[in-house]
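Report on the structure given below.
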Amino acid sequence: EQSDKLTVTATTSGTVTNLQVEKGLNVATVNAQGAAMQIVDLDSIVAIFQVPETEIYAVQEGQMVNITAAADASLKVTGNVSAIADTPTDVNTLPANLQDALNVSAAQDTDAAAEEAAEDTADEEGADEDESAPAPTSTFYAVTVSLTVDETTMKNGMTIEGEIVLEDYGNVFFVPISAVGQNGLGYFYVQVPEDDDTVRDYEVIVVGSTDDEYILRSSTLTTGTQILTTYGS
């Protein structure tokens, strides 16, 4: 009858981790240590990311996330955003290493903003760089990412890094800005030489740009297609 009381039945299935008891310990010692063990469902692990308020509106449920272990870049998994916190994270409740990382991130954002503000006001007489610099970004929101891993990839409690894929454009093409024309309705085109020495317009979608190139998406163009580098030439 007494032996029946030695059986501990978990209310959920999973794997025992962080075991804090061993044969010979008395009950008082175990109670003083806090939790005797953790039970983790390794087939359904979530990752928590802290996203600054300046970027949280771009995050949506269902977006894919590429995740890498901070200590070993060869450990990689993917997941999907499953929840976004409605209220900010109390940074003071996070582990010290995460607090340090968030403070560094906030400082970097502030330095970049200060440099940009200084460039904008450099030509103004008496411009004050310190007054132009905004306060550090110190507000973060928790983003939960659901992922499925096994024992050969991620371990419970690991520090990880993640990249949230805001939108996947598939195959894109970089072409000179001069190669793209636009009609009166706002549609963009590139011109492709045909075998009969004529030129044909192909509609494209501009998804981004650099200083001298457009980033295009097209359902008809393929790698190797030749286009005119100057539209209308």
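Each chain in the structure tokens gets a letter, A, B, ..., in the order shown, and its residues are numbered from 1; ligands are numbered from 1 in order too.
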If we count only C-alpha atoms, what is near Val21 of chain A at a cut-off of 10 Å, once residues fewer than 2 positions away on the same chain are taken out, given as a PyMOL selection string? chain A and resi 18-19+23-27+29-30+33+35-37
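Coordinates place atom CA of Val190 of chain A at a distance of 18.5 Å from atom CA of Tyr169 of chain A.
The space between atom CA of Gly186 of chain A and atom CA of Thr225 of chain A spans 23.5 Å.
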Can you pull out every residue within 9 Å of segment 85-87 of chain A, counting only C-alpha atoms, but drop anything in the same chain fewer than 2 positions away, and send it as a PDB file with N, CA and C atoms, in the first residue's frame?
ATOM      1  N   ALA A  83       1.395  32.732 -32.649  1.00  0.00           N
ATOM      2  CA  ALA A  83       0.739  33.691 -31.763  1.00  0.00           C
ATOM      3  C   ALA A  83       1.598  34.943 -31.641  1.00  0.00           C
ATOM      4  N   THR A  89       6.367  42.917 -23.662  1.00  0.00           N
ATOM      5  CA  THR A  89       7.101  42.061 -22.735  1.00  0.00           C
ATOM      6  C   THR A  89       7.735  42.915 -21.641  1.00  0.00           C
ATOM      7  N   PHE A 140       9.270  45.549 -26.616  1.00  0.00           N
ATOM      8  CA  PHE A 140       9.295  44.343 -27.438  1.00  0.00           C
ATOM      9  C   PHE A 140       8.018  43.539 -27.197  1.00  0.00           C
ATOM     10  N   TYR A 141       7.624  42.768 -28.201  1.00  0.00           N
ATOM     11  CA  TYR A 141       6.458  41.904 -28.104  1.00  0.00           C
ATOM     12  C   TYR A 141       6.879  40.459 -28.362  1.00  0.00           C
ATOM     13  N   ALA A 142       6.314  39.549 -27.585  1.00  0.00           N
ATOM     14  CA  ALA A 142       6.646  38.132 -27.725  1.00  0.00           C
ATOM     15  C   ALA A 142       5.907  37.528 -28.918  1.00  0.00           C
ATOM     16  N   VAL A 143       6.657  36.870 -29.780  1.00  0.00           N
ATOM     17  CA  VAL A 143       6.088  36.167 -30.933  1.00  0.00           C
ATOM     18  C   VAL A 143       6.361  34.675 -30.748  1.00  0.00           C
ATOM     19  N   THR A 144       5.302  33.883 -30.731  1.00  0.00           N
ATOM     20  CA  THR A 144       5.429  32.439 -30.537  1.00  0.00           C
ATOM     21  C   THR A 144       5.494  31.739 -31.883  1.00  0.00           C
TER      22      THR A 144
END
Near Gln182 of chain A, counting only C-alpha atoms, which residues have an atom at most 10 Å away, once you skip same-chain residues fewer than 3 positions from it, shown as an NGL selection string? :A and (185-190 or 203-204 or 231)
Best match for closeness to Thr222 of chain A among A:Asn171, A:Asn156, A:Asn183, A:Ser146, counting only C-alpha atoms: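 So, comparing all the options, the nearest one is A:Asn171.
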Report as CSV the residues of segment 141-192 of chain A within 12 Å of segment 47-53 of chain A, each with its shortest atom pair and distance in Å (one decimal), using only C-alpha atoms, ordered by chain and increasing residue number.
residue,atom,partner,partner_atom,distance
A:Tyr141,CA,A:Val51,CA,5.3
A:Ala142,CA,A:Gln50,CA,4.7
A:Val143,CA,A:Phe49,CA,5.1
A:Thr144,CA,A:Ile48,CA,4.8
A:Val145,CA,A:Ala47,CA,5.1
A:Ser146,CA,A:Ala47,CA,6.5
A:Leu147,CA,A:Ala47,CA,7.5
A:Thr148,CA,A:Ala47,CA,10.4
A:Val149,CA,A:Ala47,CA,11.2
A:Met154,CA,A:Ala47,CA,10.4
A:Lys155,CA,A:Ala47,CA,11.0
A:Asn156,CA,A:Ala47,CA,9.5
A:Gly157,CA,A:Ala47,CA,9.3
A:Met158,CA,A:Ala47,CA,9.4
A:Thr159,CA,A:Ala47,CA,9.4
A:Ile160,CA,A:Ala47,CA,8.2
A:Glu161,CA,A:Phe49,CA,8.2
A:Gly162,CA,A:Phe49,CA,7.7
A:Glu163,CA,A:Phe49,CA,9.9
A:Ile164,CA,A:Phe49,CA,10.0
